[in-house]
>>> print(open('query-v7.cif').read())   # mmCIF, C-alpha atoms and all ligand atoms
data_input
loop_
_atom_site.group_PDB
_atom_site.id
_atom_site.type_symbol
_atom_site.label_atom_id
_atom_site.label_comp_id
_atom_site.auth_asym_id
_atom_site.auth_seq_id
_atom_site.Cartn_x
_atom_site.Cartn_y
_atom_site.Cartn_z
ATOM 1 C CA MET A 1 104.195 125.130 102.341
ATOM 2 C CA ASN A 2 102.371 122.785 104.647
ATOM 3 C CA ARG A 3 104.516 119.975 105.990
ATOM 4 C CA ASP A 4 103.181 116.460 106.180
ATOM 5 C CA SER A 5 104.688 115.756 109.584
ATOM 6 C CA ASP A 6 101.267 116.126 111.188
ATOM 7 C CA PHE A 7 99.908 113.181 109.274
ATOM 8 C CA PRO A 8 100.276 109.628 110.515
ATOM 9 C CA VAL A 9 103.286 107.688 109.308
ATOM 10 C CA ARG A 10 102.352 105.004 106.809
ATOM 11 C CA LYS A 11 103.839 101.765 105.697
ATOM 12 C CA PRO A 12 105.930 102.269 102.557
ATOM 13 C CA HIS A 13 104.235 101.246 99.334
ATOM 14 C CA ALA A 14 105.119 97.664 98.464
ATOM 15 C CA THR A 15 106.830 98.444 95.155
ATOM 16 C CA SER A 16 108.784 101.426 96.423
ATOM 17 C CA THR A 17 112.290 101.781 97.852
ATOM 18 C CA LEU A 18 113.660 98.544 96.383
ATOM 19 C CA GLY A 19 117.450 98.542 96.636
ATOM 20 C CA VAL A 20 117.651 101.931 98.371
ATOM 21 C CA ALA A 21 119.852 102.390 101.433
ATOM 22 C CA VAL A 22 120.131 105.569 103.497
ATOM 23 C CA THR A 23 123.259 107.394 104.563
ATOM 24 C CA SER A 24 124.544 110.848 105.394
ATOM 25 C CA GLU A 25 127.327 112.798 103.743
ATOM 26 C CA PRO A 26 130.709 112.518 105.478
ATOM 27 C CA GLY A 27 131.078 115.507 107.816
ATOM 28 C CA ALA A 28 127.339 116.149 108.031
ATOM 29 C CA SER A 29 126.075 117.735 111.242
ATOM 30 C CA ILE A 30 124.622 115.707 114.100
ATOM 31 C CA HIS A 31 121.210 117.106 113.209
ATOM 32 C CA THR A 32 121.490 115.829 109.619
ATOM 33 C CA ASN A 33 122.766 112.456 110.801
ATOM 34 C CA ASP A 34 119.864 112.110 113.208
ATOM 35 C CA ALA A 35 117.359 113.104 110.517
ATOM 36 C CA ALA A 36 118.835 110.560 108.114
ATOM 37 C CA ARG A 37 118.785 107.745 110.662
ATOM 38 C CA ALA A 38 115.241 108.619 111.722
ATOM 39 C CA PHE A 39 114.169 108.552 108.087
ATOM 40 C CA ALA A 40 115.771 105.112 107.570
ATOM 41 C CA VAL A 41 113.846 103.729 110.547
ATOM 42 C CA ARG A 42 110.558 105.319 109.510
ATOM 43 C CA ALA A 43 110.857 104.160 105.899
ATOM 44 C CA ASN A 44 112.130 100.752 106.953
ATOM 45 C CA LEU A 45 115.274 101.103 104.835
ATOM 46 C CA PRO A 46 118.782 99.857 105.610
ATOM 47 C CA TRP A 47 121.373 102.293 106.926
ATOM 48 C CA VAL A 48 124.878 102.303 105.427
ATOM 49 C CA ASP A 49 127.837 104.275 106.740
ATOM 50 C CA VAL A 50 129.118 105.316 103.349
ATOM 51 C CA ARG A 51 127.392 105.664 100.026
ATOM 52 C CA GLU A 52 129.687 103.102 98.373
ATOM 53 C CA ALA A 53 128.365 100.435 100.738
ATOM 54 C CA ALA A 54 124.913 100.714 99.160
ATOM 55 C CA SER A 55 124.318 97.906 96.717
ATOM 56 C CA GLU A 56 122.225 99.785 94.162
ATOM 57 C CA MET A 57 121.034 103.176 95.333
ATOM 58 C CA ALA A 58 121.680 105.481 98.279
ATOM 59 C CA LEU A 59 119.545 108.306 99.605
ATOM 60 C CA VAL A 60 122.156 110.738 100.881
ATOM 61 C CA PHE A 61 121.325 113.369 103.499
ATOM 62 C CA ALA A 62 123.706 116.338 103.562
ATOM 63 C CA ASP A 63 123.382 119.559 105.555
ATOM 64 C CA SER A 64 121.925 121.419 102.588
ATOM 65 C CA SER A 65 120.563 118.710 100.306
ATOM 66 C CA VAL A 66 118.918 115.314 100.011
ATOM 67 C CA SER A 67 119.816 113.373 96.866
ATOM 68 C CA LEU A 68 119.453 109.900 95.453
ATOM 69 C CA HIS A 69 122.618 108.278 94.105
ATOM 70 C CA ALA A 70 122.183 105.314 91.800
ATOM 71 C CA ARG A 71 124.795 102.976 90.440
ATOM 72 C CA ALA A 72 124.910 102.947 86.664
ATOM 73 C CA ALA A 73 123.586 99.897 84.868
ATOM 74 C CA PRO A 74 126.128 98.098 82.635
ATOM 75 C CA ASP A 75 124.767 99.906 79.531
ATOM 76 C CA GLU A 76 124.873 103.375 81.151
ATOM 77 C CA SER A 77 127.926 105.628 81.082
ATOM 78 C CA ALA A 78 128.773 107.206 84.428
ATOM 79 C CA LYS A 79 131.700 108.690 86.317
ATOM 80 C CA HIS A 80 133.064 106.211 88.874
ATOM 81 C CA GLY A 81 130.053 103.969 88.284
ATOM 82 C CA TRP A 82 127.463 106.350 89.792
ATOM 83 C CA LEU A 83 124.874 108.325 87.845
ATOM 84 C CA ARG A 84 124.300 112.025 88.369
ATOM 85 C CA PRO A 85 122.396 112.345 91.688
ATOM 86 C CA LEU A 86 118.649 112.666 91.454
ATOM 87 C CA VAL A 87 117.142 115.692 93.202
ATOM 88 C CA ALA A 88 113.861 117.565 93.038
ATOM 89 C CA ASP A 89 114.863 120.801 91.386
ATOM 90 C CA PHE A 90 112.582 123.372 89.813
ATOM 91 C CA ALA A 91 115.211 125.801 88.541
ATOM 92 C CA ALA A 92 114.991 124.505 84.978
ATOM 93 C CA LEU A 93 111.221 124.986 84.756
ATOM 94 C CA ASP A 94 110.345 127.970 82.659
ATOM 95 C CA ILE A 95 107.442 129.524 84.482
ATOM 96 C CA SER A 96 107.638 133.143 83.421
ATOM 97 C CA SER A 97 108.846 133.803 79.871
ATOM 98 C CA PRO A 98 106.308 134.110 77.025
ATOM 99 C CA GLN A 99 107.803 130.935 75.566
ATOM 100 C CA GLY A 100 107.424 129.168 78.885
ATOM 101 C CA ARG A 101 103.856 130.285 79.163
ATOM 102 C CA ARG A 102 103.176 128.995 75.668
ATOM 103 C CA LYS A 103 104.826 125.707 76.524
ATOM 104 C CA ASN A 104 102.727 125.356 79.604
ATOM 105 C CA GLN A 105 99.548 126.333 77.883
ATOM 106 C CA PRO A 106 98.318 122.774 77.226
ATOM 107 C CA LEU A 107 98.568 121.996 80.933
ATOM 108 C CA ALA A 108 96.750 125.218 81.839
ATOM 109 C CA ARG A 109 94.021 124.428 79.343
ATOM 110 C CA ALA A 110 93.739 120.846 80.499
ATOM 111 C CA LEU A 111 93.167 122.026 84.064
ATOM 112 C CA GLY A 112 90.448 124.267 82.772
ATOM 113 C CA ARG A 113 90.576 127.638 84.460
ATOM 114 C CA ARG A 114 89.233 130.489 82.396
ATOM 115 C CA GLU A 115 90.683 134.023 82.595
ATOM 116 C CA GLY A 116 89.552 135.864 85.696
ATOM 117 C CA SER A 117 88.029 132.916 87.542
ATOM 118 C CA SER A 118 89.284 131.857 90.944
ATOM 119 C CA PRO A 119 92.184 129.414 91.316
ATOM 120 C CA LEU A 120 91.454 125.719 91.308
ATOM 121 C CA ARG A 121 92.101 123.243 94.091
ATOM 122 C CA VAL A 122 94.132 120.536 92.409
ATOM 123 C CA LEU A 123 95.017 117.146 93.847
ATOM 124 C CA ASP A 124 98.238 115.961 92.205
ATOM 125 C CA ALA A 125 97.852 112.314 93.197
ATOM 126 C CA THR A 126 101.164 111.205 91.641
ATOM 127 C CA ALA A 127 103.484 114.010 92.706
ATOM 128 C CA GLY A 128 106.826 112.318 91.957
ATOM 129 C CA LEU A 129 109.590 114.919 91.906
ATOM 130 C CA GLY A 130 107.006 117.674 91.823
ATOM 131 C CA GLN A 131 107.635 119.202 88.406
ATOM 132 C CA ASP A 132 103.956 119.243 87.489
ATOM 133 C CA SER A 133 102.875 120.309 90.990
ATOM 134 C CA PHE A 134 105.239 123.256 90.734
ATOM 135 C CA LEU A 135 103.978 124.229 87.271
ATOM 136 C CA ILE A 136 100.365 123.982 88.418
ATOM 137 C CA ALA A 137 101.090 126.098 91.499
ATOM 138 C CA ALA A 138 102.948 128.595 89.284
ATOM 139 C CA LEU A 139 99.723 128.937 87.281
ATOM 140 C CA GLY A 140 98.140 130.191 90.504
ATOM 141 C CA HIS A 141 96.349 127.036 91.647
ATOM 142 C CA GLU A 142 96.393 125.465 95.070
ATOM 143 C CA VAL A 143 98.087 122.059 94.893
ATOM 144 C CA PHE A 144 97.791 119.136 97.248
ATOM 145 C CA ALA A 145 100.689 116.911 96.189
ATOM 146 C CA VAL A 146 100.583 113.250 97.195
ATOM 147 C CA GLU A 147 103.504 110.860 96.836
ATOM 148 C CA ARG A 148 103.562 107.338 98.208
ATOM 149 C CA SER A 149 107.252 106.499 97.889
ATOM 150 C CA PRO A 150 109.001 107.714 101.051
ATOM 151 C CA VAL A 151 112.250 108.105 99.099
ATOM 152 C CA VAL A 152 110.683 110.231 96.367
ATOM 153 C CA ALA A 153 108.710 112.202 98.960
ATOM 154 C CA ALA A 154 111.954 112.930 100.846
ATOM 155 C CA LEU A 155 113.514 114.300 97.649
ATOM 156 C CA LEU A 156 110.447 116.397 96.917
ATOM 157 C CA ARG A 157 110.225 117.723 100.481
ATOM 158 C CA GLU A 158 113.830 118.894 100.246
ATOM 159 C CA GLY A 159 113.332 120.359 96.767
ATOM 160 C CA LEU A 160 110.346 122.388 97.948
ATOM 161 C CA ALA A 161 112.219 123.585 101.030
ATOM 162 C CA GLN A 162 115.027 124.851 98.801
ATOM 163 C CA ALA A 163 112.657 126.422 96.272
ATOM 164 C CA ALA A 164 110.973 128.353 99.089
ATOM 165 C CA ALA A 165 113.998 130.667 99.091
ATOM 166 C CA THR A 166 113.517 131.722 95.462
ATOM 167 C CA SER A 167 109.804 131.120 94.773
ATOM 168 C CA PRO A 168 108.086 131.421 98.157
ATOM 169 C CA GLU A 169 104.682 132.316 96.719
ATOM 170 C CA ILE A 170 104.617 129.204 94.509
ATOM 171 C CA VAL A 171 105.839 126.848 97.224
ATOM 172 C CA ALA A 172 103.271 128.260 99.647
ATOM 173 C CA ARG A 173 100.525 127.008 97.349
ATOM 174 C CA ILE A 174 101.816 123.404 97.547
ATOM 175 C CA SER A 175 100.984 121.015 100.389
ATOM 176 C CA LEU A 176 102.848 117.712 100.387
ATOM 177 C CA LEU A 177 101.480 114.515 101.857
ATOM 178 C CA GLU A 178 103.366 111.212 101.884
ATOM 179 C CA THR A 179 100.770 108.520 101.432
ATOM 180 C CA ASP A 180 99.068 106.385 98.819
ATOM 181 C CA ALA A 181 96.497 108.672 97.206
ATOM 182 C CA ARG A 182 93.996 105.847 97.153
ATOM 183 C CA GLU A 183 93.817 106.137 100.923
ATOM 184 C CA LEU A 184 92.395 109.633 100.652
ATOM 185 C CA THR A 185 88.995 108.289 99.645
ATOM 186 C CA GLN A 186 88.632 106.662 103.037
ATOM 187 C CA LYS A 187 89.155 110.008 104.750
ATOM 188 C CA SER A 188 86.972 112.376 102.755
ATOM 189 C CA VAL A 189 83.217 112.227 102.653
ATOM 190 C CA THR A 190 82.844 114.884 99.992
ATOM 191 C CA PRO A 191 85.162 115.679 97.104
ATOM 192 C CA LEU A 192 87.623 118.361 98.115
ATOM 193 C CA TRP A 193 89.259 119.046 94.793
ATOM 194 C CA ASP A 194 88.140 120.674 91.566
ATOM 195 C CA VAL A 195 90.658 118.711 89.547
ATOM 196 C CA VAL A 196 92.542 115.492 90.204
ATOM 197 C CA TYR A 197 95.742 115.317 88.176
ATOM 198 C CA LEU A 198 97.391 111.964 87.433
ATOM 199 C CA ASP A 199 100.782 111.213 85.936
ATOM 200 C CA PRO A 200 101.476 107.551 86.668
ATOM 201 C CA MET A 201 104.740 106.103 85.399
ATOM 202 C CA PHE A 202 104.592 105.834 81.626
ATOM 203 C CA PRO A 203 104.595 102.305 80.264
ATOM 204 C CA PRO A 204 108.207 101.334 79.459
ATOM 205 C CA ARG A 205 108.975 101.421 75.734
ATOM 206 C CA GLY A 206 111.487 98.598 75.618
ATOM 207 C CA LYS A 207 115.191 98.471 76.323
ATOM 208 C CA SER A 208 116.167 100.551 73.357
ATOM 209 C CA ALA A 209 113.950 103.481 74.318
ATOM 210 C CA ARG A 210 115.924 106.631 75.073
ATOM 211 C CA GLU A 211 114.320 107.347 78.390
ATOM 212 C CA LYS A 212 115.839 110.199 80.384
ATOM 213 C CA LYS A 213 118.247 108.962 83.038
ATOM 214 C CA ALA A 214 116.270 110.653 85.807
ATOM 215 C CA MET A 215 113.137 108.794 84.758
ATOM 216 C CA ARG A 216 115.021 105.514 84.648
ATOM 217 C CA ILE A 217 116.204 106.045 88.208
ATOM 218 C CA LEU A 218 112.676 106.954 89.295
ATOM 219 C CA ARG A 219 111.417 103.775 87.678
ATOM 220 C CA ARG A 220 113.990 101.777 89.632
ATOM 221 C CA ILE A 221 112.659 103.285 92.856
ATOM 222 C CA VAL A 222 108.905 103.176 92.336
ATOM 223 C CA GLY A 223 108.287 100.486 89.721
ATOM 224 C CA GLU A 224 105.545 100.663 87.124
ATOM 225 C CA ASP A 225 102.448 102.035 88.891
ATOM 226 C CA LEU A 226 100.443 99.025 87.756
ATOM 227 C CA ASP A 227 97.512 100.153 89.902
ATOM 228 C CA ALA A 228 96.959 103.338 87.888
ATOM 229 C CA ALA A 229 93.496 102.239 86.711
ATOM 230 C CA GLU A 230 92.384 101.870 90.305
ATOM 231 C CA LEU A 231 93.786 105.315 91.047
ATOM 232 C CA PHE A 232 91.845 106.719 88.105
ATOM 233 C CA ALA A 233 88.574 105.279 89.474
ATOM 234 C CA MET A 234 89.330 106.874 92.830
ATOM 235 C CA ALA A 235 90.163 110.168 91.136
ATOM 236 C CA CYS A 236 86.724 110.240 89.547
ATOM 237 C CA THR A 237 85.124 110.156 92.989
ATOM 238 C CA MET A 238 87.444 112.826 94.385
ATOM 239 C CA ALA A 239 87.134 115.545 91.739
ATOM 240 C CA THR A 240 84.182 117.869 91.327
ATOM 241 C CA LYS A 241 85.092 119.034 87.817
ATOM 242 C CA ARG A 242 87.627 116.976 85.948
ATOM 243 C CA VAL A 243 90.339 114.401 86.023
ATOM 244 C CA VAL A 244 93.428 115.107 83.930
ATOM 245 C CA VAL A 245 95.799 112.290 82.975
ATOM 246 C CA LYS A 246 99.246 112.901 81.482
ATOM 247 C CA ARG A 247 100.211 110.265 78.905
ATOM 248 C CA PRO A 248 102.998 109.750 76.388
ATOM 249 C CA THR A 249 101.825 110.835 72.934
ATOM 250 C CA HIS A 250 101.633 107.327 71.556
ATOM 251 C CA ALA A 251 100.217 105.552 74.613
ATOM 252 C CA PRO A 252 96.518 104.689 74.717
ATOM 253 C CA PRO A 253 94.379 106.624 77.215
ATOM 254 C CA LEU A 254 94.425 105.287 80.757
ATOM 255 C CA ALA A 255 90.613 105.105 80.627
ATOM 256 C CA PRO A 256 88.169 105.325 77.720
ATOM 257 C CA HIS A 257 86.254 108.443 76.673
ATOM 258 C CA PRO A 258 88.360 111.482 77.537
ATOM 259 C CA VAL A 259 86.270 114.493 76.527
ATOM 260 C CA THR A 260 89.299 116.177 75.049
ATOM 261 C CA ALA A 261 93.090 116.031 74.977
ATOM 262 C CA HIS A 262 95.731 118.763 74.871
ATOM 263 C CA ALA A 263 98.967 117.886 73.159
ATOM 264 C CA ALA A 264 102.408 119.038 74.256
ATOM 265 C CA LYS A 265 105.896 117.879 73.239
ATOM 266 C CA GLY A 266 105.966 114.076 73.512
ATOM 267 C CA ILE A 267 102.954 113.953 75.804
ATOM 268 C CA ARG A 268 99.284 114.800 75.985
ATOM 269 C CA TYR A 269 96.840 115.633 78.744
ATOM 270 C CA ASP A 270 93.654 113.559 78.545
ATOM 271 C CA VAL A 271 90.749 115.383 80.146
ATOM 272 C CA TYR A 272 87.786 113.554 81.703
ATOM 273 C CA SER A 273 84.653 115.381 82.741
ATOM 274 C CA VAL A 274 83.516 113.957 86.044
ATOM 275 C CA VAL A 275 79.898 114.832 85.271
ATOM 276 C CA ALA A 276 80.046 113.066 81.902
ATOM 277 C CA LEU A 277 81.659 110.009 83.478
ATOM 278 C CA ARG A 278 79.048 109.845 86.210
ATOM 279 C CA ASP A 279 76.228 110.214 83.692
ATOM 280 C CA ALA A 280 77.678 107.423 81.604
ATOM 281 C CA THR A 281 78.111 105.354 84.821
ATOM 282 C CA LEU A 282 81.456 104.251 83.553
ATOM 283 C CA PHE A 283 82.718 103.625 87.044
HETATM 284 C C1 LIG B 301 105.795 109.684 86.624
HETATM 285 S S1 LIG B 301 105.981 110.030 88.314
HETATM 286 C C2 LIG B 301 105.213 111.605 88.470
HETATM 287 C C3 LIG B 301 106.060 112.725 87.977
HETATM 288 C C4 LIG B 301 105.490 114.069 88.362
HETATM 289 N N1 LIG B 301 104.255 114.348 87.675
HETATM 290 C C5 LIG B 301 106.475 115.185 88.129
HETATM 291 O O1 LIG B 301 106.119 116.138 87.429
HETATM 292 O O2 LIG B 301 107.595 115.135 88.672
HETATM 293 C C6 LIG B 301 104.787 109.029 89.102
HETATM 294 C C7 LIG B 301 104.842 109.118 90.623
HETATM 295 O O3 LIG B 301 103.545 108.808 91.135
HETATM 296 C C8 LIG B 301 103.691 108.079 92.314
HETATM 297 N N2 LIG B 301 102.426 107.348 92.521
HETATM 298 C C9 LIG B 301 101.869 106.430 91.711
HETATM 299 N N3 LIG B 301 100.713 105.980 92.206
HETATM 300 C C10 LIG B 301 100.516 106.660 93.376
HETATM 301 C C11 LIG B 301 99.491 106.639 94.357
HETATM 302 N N4 LIG B 301 98.440 105.803 94.268
HETATM 303 N N5 LIG B 301 99.588 107.466 95.415
HETATM 304 C C12 LIG B 301 100.660 108.308 95.537
HETATM 305 N N6 LIG B 301 101.683 108.346 94.643
HETATM 306 C C13 LIG B 301 101.608 107.546 93.581
HETATM 307 C C14 LIG B 301 104.898 107.199 92.063
HETATM 308 O O4 LIG B 301 105.475 106.757 93.277
HETATM 309 C C15 LIG B 301 105.799 108.132 91.268
HETATM 310 O O5 LIG B 301 106.678 108.840 92.111
#
>>> encode(input="query-v7.cif", output="structure tokens")
Amino acid sequence: MNRDSDFPVRKPHATSTLGVAVTSEPGASIHTNDAARAFAVRANLPWVDVREAASEMALVFADSSVSLHARAAPDESAKHGWLRPLVADFAALDISSPQGRRKNQPLARALGRREGSSPLRVLDATAGLGQDSFLIAALGHEVFAVERSPVVAALLREGLAQAAATSPEIVARISLLETDARELTQKSVTPLWDVVYLDPMFPPRGKSAREKKAMRILRRIVGEDLDAAELFAMACTMATKRVVVKRPTHAPPLAPHPVTAHAAKGIRYDVYSVVALRDATLF
């Protein structure tokens, strides 16, 4: 895996990190403590000595993990008032069984590689906790994963470091960069990626919606991704072949005229042909 430490440090995205404080686990090594404090300074987040001192959420550095602890909302059940810690973990992803391959088929088809052709270069411009990046890399593609929230990027960086022990060949195909993907357009003269993959936060479905707890925590950290349309326009200039957008089944497409869509459980992948979009001068 390529580390993003060589890239310049950026200002945190305006909607990210709200209510997050940083701390280290009691008894953590000096090295871990230093890393946690350095992260707090870089991400411009408050430091607290113990997790309980965090008002809403705490990013906790331990010697062998980085996890996000969030206080439960009044309508959420939780032990001692804290939800199960959020981590980037790929162990539950089924990447090898026939069933897993079937499940992942819509994603593979949406990306568009045919049997026997060379792997694609995929820009995952909304990496989040890296589940899709990992699946795409497991399909054999090279993934450039971009995440703008420093907190989410820290979780993903740790998750990838841990996964390197069990799935080194998959992790080696993933490069992580902590920045706003929209900034990439200013750096590249020519498109570098065959496919740009987008999975902005799904529109909230009201208070009663049974959203997974992990997604609710993520939403508390990063907000709503209200600039997704702008990101889509950028994606169309950065891809040579297609732009793929993951959407909830019942949500309208992020942009009009996908050439096709591949359905999976509860979601679909809308596929946009860059050539068709350019011809139609839709952006
Ligand atoms: C729904 S999550 C992505 C989940 C991810 N696909 C996964 O499998 O774990 C959306 C993520 O995209 C990030 N994001 C949204 N717009 C971005 C942008 N312009 N640049 C970089 N990251 C962005 C958000 O911070 C958030 O973490």
>>> closest_residue(input="query-v7.cif", among="A:Ala261, A:Val245, A:Ile217, A:Leu226", to="Glu76 of chain A", atoms="only C-alpha atoms")
A:Ile217
>>> axis_aligned_box(input="query-v7.cif", around="ligand LIG 301 (chain B)", padding_each_side="3 Å", output="JSON")
{"center_x": 103.0, "center_y": 111.0, "center_z": 91.1, "size_x": 15.2, "size_y": 16.3, "size_z": 14.9}
>>> closest_atom_pairs(input="query-v7.cif", of="chain A", to="ligand LIG 301 (chain B)", cutoff="9 Å", atoms="only C-alpha atoms and all ligand atoms", output="Markdown table")
| residue | atom | partner | partner_atom | distance |
| --- | --- | --- | --- | --- |
| A:His13 | CA | B:LIG301 | O4 | 8.3 |
| A:Thr15 | CA | B:LIG301 | O4 | 8.6 |
| A:Ser16 | CA | B:LIG301 | O4 | 7.0 |
| A:Ala88 | CA | B:LIG301 | O2 | 8.0 |
| A:Asp124 | CA | B:LIG301 | N1 | 7.7 |
| A:Ala125 | CA | B:LIG301 | C12 | 5.4 |
| A:Thr126 | CA | B:LIG301 | O3 | 3.4 |
| A:Ala127 | CA | B:LIG301 | C4 | 4.8 |
| A:Gly128 | CA | B:LIG301 | O5 | 3.5 |
| A:Leu129 | CA | B:LIG301 | O2 | 3.8 |
| A:Gly130 | CA | B:LIG301 | O2 | 4.1 |
| A:Gln131 | CA | B:LIG301 | O1 | 3.6 |
| A:Asp132 | CA | B:LIG301 | O1 | 3.8 |
| A:Ser133 | CA | B:LIG301 | O1 | 6.4 |
| A:Phe134 | CA | B:LIG301 | O1 | 7.9 |
| A:Leu135 | CA | B:LIG301 | O1 | 8.4 |
| A:Ala145 | CA | B:LIG301 | C12 | 8.6 |
| A:Val146 | CA | B:LIG301 | C12 | 5.2 |
| A:Glu147 | CA | B:LIG301 | N6 | 3.8 |
| A:Arg148 | CA | B:LIG301 | C12 | 4.1 |
| A:Ser149 | CA | B:LIG301 | O4 | 4.9 |
| A:Pro150 | CA | B:LIG301 | O4 | 8.6 |
| A:Val151 | CA | B:LIG301 | O5 | 9.0 |
| A:Val152 | CA | B:LIG301 | O5 | 6.0 |
| A:Ala153 | CA | B:LIG301 | O5 | 7.9 |
| A:Leu156 | CA | B:LIG301 | O2 | 8.8 |
| A:Leu177 | CA | B:LIG301 | C12 | 8.9 |
| A:Glu178 | CA | B:LIG301 | C12 | 7.5 |
| A:Thr179 | CA | B:LIG301 | C12 | 5.9 |
| A:Asp180 | CA | B:LIG301 | N5 | 3.6 |
| A:Ala181 | CA | B:LIG301 | N5 | 3.8 |
| A:Arg182 | CA | B:LIG301 | N4 | 5.3 |
| A:Glu183 | CA | B:LIG301 | N5 | 8.1 |
| A:Tyr197 | CA | B:LIG301 | N1 | 8.6 |
| A:Leu198 | CA | B:LIG301 | N1 | 7.3 |
| A:Asp199 | CA | B:LIG301 | N1 | 5.0 |
| A:Pro200 | CA | B:LIG301 | C6 | 4.4 |
| A:Met201 | CA | B:LIG301 | C1 | 3.9 |
| A:Phe202 | CA | B:LIG301 | C1 | 6.4 |
| A:Met215 | CA | B:LIG301 | C1 | 7.6 |
| A:Leu218 | CA | B:LIG301 | O5 | 6.9 |
| A:Arg219 | CA | B:LIG301 | C15 | 8.0 |
| A:Ile221 | CA | B:LIG301 | O4 | 8.0 |
| A:Val222 | CA | B:LIG301 | O4 | 5.0 |
| A:Gly223 | CA | B:LIG301 | O4 | 7.7 |
| A:Glu224 | CA | B:LIG301 | C14 | 8.2 |
| A:Asp225 | CA | B:LIG301 | C9 | 5.3 |
| A:Leu226 | CA | B:LIG301 | N3 | 8.3 |
| A:Asp227 | CA | B:LIG301 | N3 | 7.0 |
| A:Ala228 | CA | B:LIG301 | N3 | 6.3 |
| A:Glu230 | CA | B:LIG301 | N4 | 8.2 |
| A:Leu231 | CA | B:LIG301 | N4 | 5.7 |
| A:Lys246 | CA | B:LIG301 | N1 | 8.1 |
>>> atom_distance(input="query-v7.cif", atom1="atom CA of Ala229 of chain A", atom2="atom CA of Pro252 of chain A")
12.6 Å
>>> closest_residue(input="query-v7.cif", among="A:Leu83, A:Leu120, A:Met238, A:Pro203", to="Leu254 of chain A", atoms="all atoms listed in the file")
A:Pro203
>>> residues_around(input="query-v7.cif", residues="Ser65 of chain A", least_positions_apart="3", cutoff="12 Å", atoms="all atoms listed in the file", output="PyMOL selection string")
chain A and resi 24-25+28+32+36+59-62+68+85-89+154-163
>>> residues_around(input="query-v7.cif", residues="Arg84 of chain A", least_positions_apart="2", cutoff="10 Å", atoms="only C-alpha atoms", output="ChimeraX atom specification")
/A:67-72,78-79,81-82,86-87,213-214
>>> residues_around(input="query-v7.cif", residues="segment 136-143 of chain A", least_positions_apart="5", cutoff="8 Å", atoms="all atoms listed in the file", output="list in words")
Ile95, Leu107, Ala108, Pro119, Leu120, Arg121, Val122, Leu123, Asp124, Ile170, Val171, Arg173, Ile174 and Ser175 of chain A
>>> atom_distance(input="query-v7.cif", atom1="atom CA of Thr249 of chain A", atom2="atom CA of Phe232 of chain A")
18.6 Å
>>> residues_around(input="query-v7.cif", residues="His257 of chain A", least_positions_apart="2", cutoff="8 Å", atoms="only C-alpha atoms", output="PyMOL selection string")
chain A and resi 255+259+272
>>> resolve_selection(input="query-v7.cif", expression="the PyMOL selection byres (((chain A and resi 262) around 10) and not hetatm)", output="PyMOL selection string")
chain A and resi 105-110+246+260-261+263-264+267-271
>>> build_atoms(input="query-v7.cif", residues="segment 20-31 of chain A", atoms="N, CA and C atoms", output="mmCIF file, keeping the file's coordinate frame")
data_model
loop_
_atom_site.group_PDB
_atom_site.id
_atom_site.type_symbol
_atom_site.label_atom_id
_atom_site.label_comp_id
_atom_site.auth_asym_id
_atom_site.auth_seq_id
_atom_site.Cartn_x
_atom_site.Cartn_y
_atom_site.Cartn_z
ATOM 1 N N VAL A 20 117.177 100.629 97.890
ATOM 2 C CA VAL A 20 117.651 101.931 98.371
ATOM 3 C C VAL A 20 118.142 101.806 99.814
ATOM 4 N N ALA A 21 119.349 102.281 100.066
ATOM 5 C CA ALA A 21 119.852 102.390 101.433
ATOM 6 C C ALA A 21 119.956 103.881 101.770
ATOM 7 N N VAL A 22 120.077 104.171 103.056
ATOM 8 C CA VAL A 22 120.131 105.569 103.497
ATOM 9 C C VAL A 22 121.484 105.831 104.140
ATOM 10 N N THR A 23 122.011 107.011 103.906
ATOM 11 C CA THR A 23 123.259 107.394 104.563
ATOM 12 C C THR A 23 123.312 108.915 104.699
ATOM 13 N N SER A 24 124.350 109.397 105.371
ATOM 14 C CA SER A 24 124.544 110.848 105.394
ATOM 15 C C SER A 24 125.943 111.153 104.860
ATOM 16 N N GLU A 25 126.058 112.357 104.354
ATOM 17 C CA GLU A 25 127.327 112.798 103.743
ATOM 18 C C GLU A 25 128.422 112.823 104.824
ATOM 19 N N PRO A 26 129.639 112.401 104.484
ATOM 20 C CA PRO A 26 130.709 112.518 105.478
ATOM 21 C C PRO A 26 130.816 113.968 105.951
ATOM 22 N N GLY A 27 130.949 114.155 107.264
ATOM 23 C CA GLY A 27 131.078 115.507 107.816
ATOM 24 C C GLY A 27 129.753 116.210 108.057
ATOM 25 N N ALA A 28 128.644 115.510 107.798
ATOM 26 C CA ALA A 28 127.339 116.149 108.031
ATOM 27 C C ALA A 28 127.137 116.400 109.527
ATOM 28 N N SER A 29 126.305 117.380 109.838
ATOM 29 C CA SER A 29 126.075 117.735 111.242
ATOM 30 C C SER A 29 125.326 116.617 111.980
ATOM 31 N N ILE A 30 125.348 116.700 113.279
ATOM 32 C CA ILE A 30 124.622 115.707 114.100
ATOM 33 C C ILE A 30 123.141 115.746 113.746
ATOM 34 N N HIS A 31 122.635 116.948 113.541
ATOM 35 C CA HIS A 31 121.210 117.106 113.209
ATOM 36 C C HIS A 31 120.874 116.344 111.923
#
